[in-house]
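Following: one structure in structure tokens, then a few remarks.
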Amino acid sequence: MKRTGILLGMVGVAFSLQAQMNPKYKFEEALKLIQDNYVDRVNDEHLVDAAIRAMIADLDPHSRYTSREEAEAMREGMSGSFAGIGIQFLKSGTQTFVTVVNPDGPAMKAGVRVGDEILAIDGESINGETWGNKEIMLKLRGEKDVPVVLGLLSPGTTEQKDIRIVRGNILERSVREAYMVDKEIGYIGLSIFNLSTRQEIDGAIQKLQEQGMKKLILDLQSNGGGYVQSAIGVVDEFLPKEKMVFYSVPNEGGKDYYYTGGFGRFYKGELVVLIDESTASSSEIVTGALQDWDRAVVIGRRSFGKGLMQRPVPLSDGSEMQLTGARYYTPSGRSIQKPYTKGKEDYFQDFSRRMESKELLEEGHVEFTDSLKYTTLETKRIVYGGGGIMPDRFVPIDTNVYSGWMGTLMNTGIVAKGGFEFVQQNRAALLKAYPDFESFNKKFKVPIVVHQQVVAYAATKSVVVPNDTHVDAHRAIDVELKAQIASLLYTGGDYMARVRNEANQSFISALEVLRDTKMYNSLLHSDIVGEKAKK
């Protein structure tokens with residue numbers, strides 16, 4: 001025992017001397033000593049992964065490490081497409097129903113329709129509690145051109161039919177929805193900045209202009225960002241050639257400038273950008289550039305405040321580090337990165353602090369020092385840096401939509417189930433009464449009995465919904481039910497988003513501003529942003 005101890009000690013001395021010369025040897029020393037001395041056999045790859053994650057965690061809130069599998073999944077998600085069949089489904093108890101069929105996807109071409117129940121995938125029954133959403137999704141996705149067989153039970157039938165579907169590339173759209181709100185005002189909702197964003201938004205603008213669009217609402221609410229290059233492409237649609245989009249400062253110093261290329265379609269029409277507390281990263285690049293150049297009126301609530309740029313650094317085994325390589329600044333010189341010196345947990349609890357301080361509920365609760373004061377580039381309005389983009393016009397948060405009880409209703413599928421069952425039982429009658437979405441959106445009211453059934457079912461799942469005196473809460477439930485019903489009845493658009501827009505106060509505020517040219521111009525030629533921030 002003594003001799004072994006001496007040998008181990010000599011190895012430790014050798015490593016310690018190297019560690020004093022170069023800190024990287026300390027890591028090798030620790031790994032070697034764990035391998036030789038720990039009581040159980042260790043998994044070297046697991047230990048190294050854990051060590052890398054710990055190192056990354058000590059840097060900033062947005063640097064991260066991803067395994068090979070995670071990195072591949074991330075690249076697939078950001079590519080804008082994946083191999084699948086083009087459906088969305090609802091798991092209701094032990095049953096699984098098709099709720100959305102992409103109009104140009106393989107499933108639609110094979111004959112799958114909304115309302116079909118999926119009984120089996122490749123001959124394997126999926127009825128049962130062990131089959132969750134993730135397991136079903138993984139069975140449906142796979143390699144391109146490889147078939148999958150669905151066992152389906154269509155409404156009004158009693159026999160299962162097997163349909164062979166060849167998987168194809170399914171476009172995961174960046175443009176969530178684009179439509180004309182009225183004869184002049186268009187709407188485009190962006191969900192993410194991926195590789196197809198520029199092409200999608202360019203096509204959406206062209207299509208809307210062909211329908212007479214003169215003014216536009218660009219919705220970046222809850223858009224968490226994505227590729228910086230795609231953000232530059234979006235700004236390029238609205239600002240002419242050689243306008244700065246942002247500049248970045250890397251760790252070695254100096255500045256890298258990024259400009260528009262002059263290939264846009266909408267340089268002159270009135271523009272409103274919608275943001276909220278979840279608008280982050282590339283979305284803030286777009287918002288900051290359009291606000292700094294006085295190109296758009298920004299409506300909503302202060303954005304998230306992410307001004308750090310991550311760059312992928314691949315490792316030899318296919319894993320990847322996403323390292324913060326630079327800070328970015330808006331054209332006026334604003335850094336919008338919020339502080340993160342108190343650690344990740346504190347950093348990501350910012351929403352709770354904003355609610356507690358009433359910043360999200362009332363105007364005038366944000367305080368910035370004069371050192372964070374900047375001016376826009378055209379009309380010289382005062383704007384502030386240091387923690388997100390301040391809107392030109394504030395809209396308070398809808399506490400019902402963001403409540404815990406509503407989140408549970410949505411995340412557990414209670415509302416989706418209620419809407420689905422209502423449509424399954426009344427589809428023909430509904431389509432006869434409301435042959436198109438426009439008539440549905442204008443006239444349809446959620447039946448009281450359907451509303452009551454959803455609330456009663458929620459109670460059986462221990463979800464406490466506010467009582468009937470909370471009119472706004474129950475109105476919010478009806479909005480979600482109507483959105484679900486619309487999505488199940490009509491194809492060719494994101495009708496769920498359109499229904500929700502009708503009740504979204506930021507969207508309503510945008511319409512008010514765009515329909516009043518005097519108000520629109522006054523917001524772009526005043527110190528309203530700065531004055532409200534100083535209160």
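Residues in the structure tokens are named by chain (A, B, ... in the order shown) and by number from 1 within that chain; ligands are numbered from 1 in the order shown.
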
For A:Ile170, work out the shell of residues within 7 Å, counting only C-alpha atoms and skipping chain neighbours fewer than 5 positions away, then give it as a VMD selection string. chain A and resid 81 to 84 86 105

How close does each residue of stretch 207-279 of chain A get to stretch 393-401 of chain A, giving the shortest atom pair and distance in Å to one decimal for every residue with an atom at most 12 Å away, counting only C-alpha atoms, sorted by chain and residue number, as JSON lines?
```
{"residue": "A:Gln221", "atom": "CA", "partner": "A:Ile397", "partner_atom": "CA", "distance": 11.7}
{"residue": "A:Val272", "atom": "CA", "partner": "A:Arg393", "partner_atom": "CA", "distance": 10.4}
{"residue": "A:Val273", "atom": "CA", "partner": "A:Arg393", "partner_atom": "CA", "distance": 10.5}
{"residue": "A:Leu274", "atom": "CA", "partner": "A:Arg393", "partner_atom": "CA", "distance": 9.9}
{"residue": "A:Ile275", "atom": "CA", "partner": "A:Val395", "partner_atom": "CA", "distance": 9.8}
{"residue": "A:Asp276", "atom": "CA", "partner": "A:Ile397", "partner_atom": "CA", "distance": 8.6}
{"residue": "A:Glu277", "atom": "CA", "partner": "A:Ile397", "partner_atom": "CA", "distance": 9.3}
{"residue": "A:Ser278", "atom": "CA", "partner": "A:Ile397", "partner_atom": "CA", "distance": 11.7}
```

Report as a ChimeraX atom specification all protein, DNA and RNA residues lying within 10 Å of A:Val100, evaluated on only C-alpha atoms, omitting residues in the same chain fewer than 4 positions from it. /A:86-90,108,112-115,487-491

Would you mind exporting the chosen residues as a tab-separated table (two decimals), in the first residue's frame, restricted to all heavy atoms?
```tsv
chain	number	residue	atom	x	y	z
A	86	GLY	N	-45.45	16.20	-42.33
A	86	GLY	CA	-46.21	17.44	-42.42
A	86	GLY	C	-47.55	17.43	-41.72
A	86	GLY	O	-48.57	17.80	-42.31
A	87	ILE	N	-47.56	17.01	-40.46
A	87	ILE	CA	-48.80	17.08	-39.67
A	87	ILE	C	-48.48	17.60	-38.28
A	87	ILE	O	-47.34	17.59	-37.84
A	87	ILE	CB	-49.50	15.70	-39.54
A	87	ILE	CG1	-48.65	14.74	-38.68
A	87	ILE	CG2	-49.84	15.11	-40.88
A	87	ILE	CD1	-49.40	13.48	-38.25
A	88	GLN	N	-49.53	18.05	-37.59
A	88	GLN	CA	-49.49	18.29	-36.15
A	88	GLN	C	-50.57	17.43	-35.53
A	88	GLN	O	-51.58	17.12	-36.17
A	88	GLN	CB	-49.71	19.77	-35.82
A	88	GLN	CG	-48.61	20.69	-36.32
A	88	GLN	CD	-48.88	22.14	-36.00
A	88	GLN	OE1	-49.51	22.47	-34.99
A	88	GLN	NE2	-48.42	23.03	-36.87
A	89	PHE	N	-50.35	17.03	-34.28
A	89	PHE	CA	-51.30	16.11	-33.66
A	89	PHE	C	-51.58	16.50	-32.22
A	89	PHE	O	-50.84	17.27	-31.60
A	89	PHE	CB	-50.76	14.67	-33.72
A	89	PHE	CG	-49.41	14.49	-33.07
A	89	PHE	CD1	-49.29	14.24	-31.71
A	89	PHE	CD2	-48.25	14.60	-33.82
A	89	PHE	CE1	-48.05	14.09	-31.11
A	89	PHE	CE2	-47.00	14.45	-33.23
A	89	PHE	CZ	-46.90	14.19	-31.88
A	90	LEU	N	-52.67	15.96	-31.70
A	90	LEU	CA	-53.08	16.19	-30.32
A	90	LEU	C	-53.20	14.86	-29.61
A	90	LEU	O	-53.89	13.96	-30.07
A	90	LEU	CB	-54.44	16.92	-30.28
A	90	LEU	CG	-55.14	16.98	-28.91
A	90	LEU	CD1	-54.39	17.90	-27.97
A	90	LEU	CD2	-56.58	17.45	-29.08
A	108	MET	N	-50.76	15.32	-46.64
A	108	MET	CA	-51.92	15.82	-47.38
A	108	MET	C	-52.07	15.09	-48.72
A	108	MET	O	-53.16	14.66	-49.10
A	108	MET	CB	-51.80	17.32	-47.60
A	108	MET	CG	-52.89	17.93	-48.49
A	108	MET	SD	-54.55	17.84	-47.76
A	108	MET	CE	-54.46	19.21	-46.58
A	112	VAL	N	-54.22	12.10	-45.72
A	112	VAL	CA	-54.46	12.32	-44.29
A	112	VAL	C	-55.24	13.62	-44.12
A	112	VAL	O	-54.96	14.61	-44.78
A	112	VAL	CB	-53.13	12.40	-43.51
A	112	VAL	CG1	-53.39	12.65	-42.02
A	112	VAL	CG2	-52.32	11.13	-43.71
A	113	ARG	N	-56.22	13.62	-43.21
A	113	ARG	CA	-57.06	14.79	-43.01
A	113	ARG	C	-57.19	15.13	-41.52
A	113	ARG	O	-57.04	14.25	-40.66
A	113	ARG	CB	-58.45	14.57	-43.61
A	113	ARG	CG	-58.44	14.36	-45.12
A	113	ARG	CD	-58.00	15.62	-45.86
A	113	ARG	NE	-57.97	15.45	-47.31
A	113	ARG	CZ	-56.88	15.17	-48.02
A	113	ARG	NH1	-55.72	15.00	-47.40
A	113	ARG	NH2	-56.94	15.06	-49.34
A	114	VAL	N	-57.46	16.40	-41.24
A	114	VAL	CA	-57.69	16.83	-39.86
A	114	VAL	C	-58.85	16.02	-39.27
A	114	VAL	O	-59.89	15.85	-39.90
A	114	VAL	CB	-58.01	18.34	-39.80
A	114	VAL	CG1	-58.45	18.75	-38.40
A	114	VAL	CG2	-56.80	19.17	-40.23
A	115	GLY	N	-58.66	15.53	-38.05
A	115	GLY	CA	-59.68	14.73	-37.38
A	115	GLY	C	-59.40	13.25	-37.41
A	115	GLY	O	-59.99	12.49	-36.62
A	487	SER	N	-58.29	27.01	-36.27
A	487	SER	CA	-57.17	26.26	-36.84
A	487	SER	C	-57.59	24.88	-37.31
A	487	SER	O	-56.98	24.30	-38.22
A	487	SER	CB	-56.04	26.14	-35.82
A	487	SER	OG	-56.38	25.23	-34.78
A	488	LEU	N	-58.65	24.33	-36.71
A	488	LEU	CA	-59.13	23.00	-37.07
A	488	LEU	C	-60.11	23.04	-38.24
A	488	LEU	O	-60.29	22.05	-38.95
A	488	LEU	CB	-59.81	22.35	-35.86
A	488	LEU	CG	-58.87	22.00	-34.69
A	488	LEU	CD1	-59.68	21.70	-33.44
A	488	LEU	CD2	-57.99	20.81	-35.05
A	489	LEU	N	-60.73	24.19	-38.46
A	489	LEU	CA	-61.73	24.30	-39.51
A	489	LEU	C	-61.15	24.71	-40.86
A	489	LEU	O	-61.62	24.27	-41.91
A	489	LEU	CB	-62.81	25.31	-39.11
A	489	LEU	CG	-63.86	24.86	-38.10
A	489	LEU	CD1	-64.78	26.03	-37.75
A	489	LEU	CD2	-64.67	23.69	-38.64
A	490	TYR	N	-60.13	25.57	-40.85
A	490	TYR	CA	-59.66	26.19	-42.09
A	490	TYR	C	-58.18	25.90	-42.33
A	490	TYR	O	-57.41	25.78	-41.38
A	490	TYR	CB	-59.91	27.70	-42.05
A	490	TYR	CG	-61.33	28.05	-41.71
A	490	TYR	CD1	-61.67	28.47	-40.43
A	490	TYR	CD2	-62.35	27.94	-42.66
A	490	TYR	CE1	-62.99	28.78	-40.09
A	490	TYR	CE2	-63.67	28.24	-42.34
A	490	TYR	CZ	-63.98	28.66	-41.04
A	490	TYR	OH	-65.28	28.94	-40.72
A	491	THR	N	-57.83	25.80	-43.59
A	491	THR	CA	-56.44	25.57	-43.98
A	491	THR	C	-55.96	26.73	-44.85
A	491	THR	O	-56.75	27.52	-45.35
A	491	THR	CB	-56.30	24.26	-44.78
A	491	THR	OG1	-57.12	24.33	-45.95
A	491	THR	CG2	-56.71	23.06	-43.95
```

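Computed from the coordinates, the atom CA of A:Glu237 to atom CA of A:Lys268 distance equals 10.6 Å.
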
Shell around A:Lys214 at 9 Å using only C-alpha atoms, local window under 2 positions removed, as an MDAnalysis selection string: chainID A and resid 183:186 208:209 212 216 266 268:270

Long-range neighbours of A:Ile508 as a ChimeraX atom specification, 12 Å cut-off, only C-alpha atoms, 3 positions minimum in chain: /A:181,217,272,274,299-300,395,500-505,511-515

Write a file of the just-selected residues containing N, CA, C and O atoms, as a JSON list (two decimals), in the first residue's frame.
```json
[["chain", "number", "residue", "atom", "x", "y", "z"],
["A", 181, "VAL", "N", -54.75, 43.01, -43.07],
["A", 181, "VAL", "CA", -55.70, 43.30, -41.99],
["A", 181, "VAL", "C", -56.88, 44.08, -42.54],
["A", 181, "VAL", "O", -58.03, 43.84, -42.18],
["A", 217, "ILE", "N", -47.48, 45.97, -40.19],
["A", 217, "ILE", "CA", -47.17, 45.59, -38.81],
["A", 217, "ILE", "C", -46.19, 44.42, -38.87],
["A", 217, "ILE", "O", -46.52, 43.37, -39.43],
["A", 272, "VAL", "N", -44.85, 49.60, -38.21],
["A", 272, "VAL", "CA", -44.89, 49.41, -36.76],
["A", 272, "VAL", "C", -44.26, 48.07, -36.43],
["A", 272, "VAL", "O", -44.54, 47.06, -37.09],
["A", 274, "LEU", "N", -43.84, 45.30, -33.36],
["A", 274, "LEU", "CA", -44.37, 44.87, -32.07],
["A", 274, "LEU", "C", -43.31, 44.06, -31.32],
["A", 274, "LEU", "O", -42.72, 43.12, -31.89],
["A", 299, "ILE", "N", -43.88, 49.38, -30.67],
["A", 299, "ILE", "CA", -45.00, 49.29, -29.72],
["A", 299, "ILE", "C", -44.88, 48.02, -28.89],
["A", 299, "ILE", "O", -44.55, 46.95, -29.41],
["A", 300, "GLY", "N", -45.18, 48.13, -27.60],
["A", 300, "GLY", "CA", -45.19, 46.96, -26.73],
["A", 300, "GLY", "C", -44.53, 47.22, -25.41],
["A", 300, "GLY", "O", -44.80, 48.23, -24.73],
["A", 395, "VAL", "N", -47.54, 49.22, -24.04],
["A", 395, "VAL", "CA", -48.79, 48.46, -23.90],
["A", 395, "VAL", "C", -48.60, 47.48, -22.74],
["A", 395, "VAL", "O", -47.66, 46.67, -22.75],
["A", 500, "ARG", "N", -55.96, 35.34, -32.28],
["A", 500, "ARG", "CA", -55.27, 35.92, -31.12],
["A", 500, "ARG", "C", -54.92, 37.38, -31.35],
["A", 500, "ARG", "O", -54.97, 38.18, -30.41],
["A", 501, "ASN", "N", -54.57, 37.74, -32.57],
["A", 501, "ASN", "CA", -54.25, 39.14, -32.86],
["A", 501, "ASN", "C", -55.42, 40.06, -32.54],
["A", 501, "ASN", "O", -55.23, 41.17, -32.05],
["A", 502, "GLU", "N", -56.63, 39.60, -32.83],
["A", 502, "GLU", "CA", -57.82, 40.43, -32.62],
["A", 502, "GLU", "C", -57.96, 40.84, -31.15],
["A", 502, "GLU", "O", -58.58, 41.86, -30.84],
["A", 503, "ALA", "N", -57.37, 40.03, -30.24],
["A", 503, "ALA", "CA", -57.48, 40.32, -28.81],
["A", 503, "ALA", "C", -56.18, 40.86, -28.22],
["A", 503, "ALA", "O", -56.13, 41.19, -27.03],
["A", 504, "ASN", "N", -55.13, 40.94, -29.04],
["A", 504, "ASN", "CA", -53.82, 41.39, -28.56],
["A", 504, "ASN", "C", -53.77, 42.92, -28.52],
["A", 504, "ASN", "O", -53.94, 43.57, -29.56],
["A", 505, "GLN", "N", -53.54, 43.49, -27.35],
["A", 505, "GLN", "CA", -53.61, 44.94, -27.19],
["A", 505, "GLN", "C", -52.50, 45.66, -27.96],
["A", 505, "GLN", "O", -52.69, 46.80, -28.41],
["A", 511, "LEU", "N", -52.78, 49.13, -34.95],
["A", 511, "LEU", "CA", -53.80, 49.55, -35.90],
["A", 511, "LEU", "C", -54.22, 51.00, -35.65],
["A", 511, "LEU", "O", -54.40, 51.79, -36.59],
["A", 512, "GLU", "N", -54.34, 51.35, -34.38],
["A", 512, "GLU", "CA", -54.71, 52.73, -34.03],
["A", 512, "GLU", "C", -53.67, 53.71, -34.55],
["A", 512, "GLU", "O", -54.01, 54.75, -35.13],
["A", 513, "VAL", "N", -52.39, 53.40, -34.38],
["A", 513, "VAL", "CA", -51.31, 54.29, -34.81],
["A", 513, "VAL", "C", -51.26, 54.37, -36.33],
["A", 513, "VAL", "O", -51.11, 55.45, -36.91],
["A", 514, "LEU", "N", -51.37, 53.23, -37.01],
["A", 514, "LEU", "CA", -51.27, 53.23, -38.47],
["A", 514, "LEU", "C", -52.48, 53.87, -39.15],
["A", 514, "LEU", "O", -52.39, 54.30, -40.30],
["A", 515, "ARG", "N", -53.59, 53.93, -38.45],
["A", 515, "ARG", "CA", -54.78, 54.56, -39.01],
["A", 515, "ARG", "C", -54.86, 56.05, -38.68],
["A", 515, "ARG", "O", -55.83, 56.72, -39.06]]
```

Might you pull out every residue within 6 Å of A:Ser67, with only C-alpha atoms counted and same-chain residues fewer than 3 positions away left off, and present them as an mmCIF file with N, CA, C and O atoms, in the first residue's frame?
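Writing the result to selection-v2.cif gives the following:
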```cif
data_model
loop_
_atom_site.group_PDB
_atom_site.id
_atom_site.type_symbol
_atom_site.label_atom_id
_atom_site.label_comp_id
_atom_site.auth_asym_id
_atom_site.auth_seq_id
_atom_site.Cartn_x
_atom_site.Cartn_y
_atom_site.Cartn_z
ATOM 1 N N GLU A 70 -27.092 17.024 -29.849
ATOM 2 C CA GLU A 70 -27.775 18.298 -29.644
ATOM 3 C C GLU A 70 -27.387 19.305 -30.727
ATOM 4 O O GLU A 70 -28.227 20.073 -31.214
ATOM 5 N N ALA A 71 -26.102 19.318 -31.084
ATOM 6 C CA ALA A 71 -25.629 20.251 -32.114
ATOM 7 C C ALA A 71 -26.284 19.951 -33.462
ATOM 8 O O ALA A 71 -26.680 20.860 -34.194
ATOM 9 N N SER A 319 -19.242 17.566 -31.160
ATOM 10 C CA SER A 319 -19.914 18.443 -30.201
ATOM 11 C C SER A 319 -19.523 19.886 -30.500
ATOM 12 O O SER A 319 -18.662 20.153 -31.355
#
```

Would you give me, as JSON lines, each residue of stretch 33-69 of chain A having an atom within 12 Å of an atom of stretch 342-350 of chain A, along with its shortest atom pair and that distance in Å to one decimal, using only C-alpha atoms and sorting by chain and residue number?
```
{"residue": "A:Ile56", "atom": "CA", "partner": "A:Lys344", "partner_atom": "CA", "distance": 11.6}
{"residue": "A:Ala57", "atom": "CA", "partner": "A:Lys344", "partner_atom": "CA", "distance": 8.3}
{"residue": "A:Asp58", "atom": "CA", "partner": "A:Gly343", "partner_atom": "CA", "distance": 8.6}
{"residue": "A:Leu59", "atom": "CA", "partner": "A:Gly343", "partner_atom": "CA", "distance": 9.4}
{"residue": "A:Asp60", "atom": "CA", "partner": "A:Lys344", "partner_atom": "CA", "distance": 7.5}
{"residue": "A:Pro61", "atom": "CA", "partner": "A:Lys344", "partner_atom": "CA", "distance": 5.3}
{"residue": "A:His62", "atom": "CA", "partner": "A:Lys344", "partner_atom": "CA", "distance": 8.9}
{"residue": "A:Ser63", "atom": "CA", "partner": "A:Lys344", "partner_atom": "CA", "distance": 10.9}
{"residue": "A:Arg64", "atom": "CA", "partner": "A:Lys344", "partner_atom": "CA", "distance": 11.8}
```

A:Ser332 surroundings by only C-alpha atoms, 12 Å radius, close-in-sequence under 4 positions cut, as a list of chain:residue names: A:Lys243, A:Met244, A:Val245, A:Phe246, A:Tyr247, A:Ile285, A:Gly288, A:Ala289, A:Leu290, A:Gln291, A:Asp292, A:Trp293, A:Asp294, A:Tyr328, A:Ile336, A:Leu372, A:Lys373, A:Tyr374, A:Thr375, A:Thr376, A:Leu377, A:Glu378, A:Lys380, A:Arg381, A:Ile382, A:Val383, A:Tyr384, A:Gly385

What is the atom CA of A:Gln425 to atom CA of A:Glu117 distance in Å? 14.2 Å

List every residue of stretch 101-232 of chain A that DSSP, applied to the backbone, labels as strand (DSSP E or B), and write the result as a ChimeraX atom specification. /A:101,117-121,124-125,147-153,161-166,168-171,175-180,185-190,193,215-219,226

Could you tell me how far atom CA of A:Pro331 sits from atom CA of A:Ser191, in Å to one decimal place? 23.9 Å

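Closest to A:Ser248 among A:Ala204, A:Ala280, A:Ala326, A:Ile85 is A:Ala326, based on only C-alpha atoms.
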
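The closest residue to A:Lys161, picked from A:Ala120, A:Arg334, A:Arg173, A:Pro447 and counting only C-alpha atoms, is A:Ala120.
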
Which residue of A:Leu150, A:Leu220, A:Leu138, A:Val446 approaches A:Ser125 most closely, using only C-alpha atoms: A:Leu150
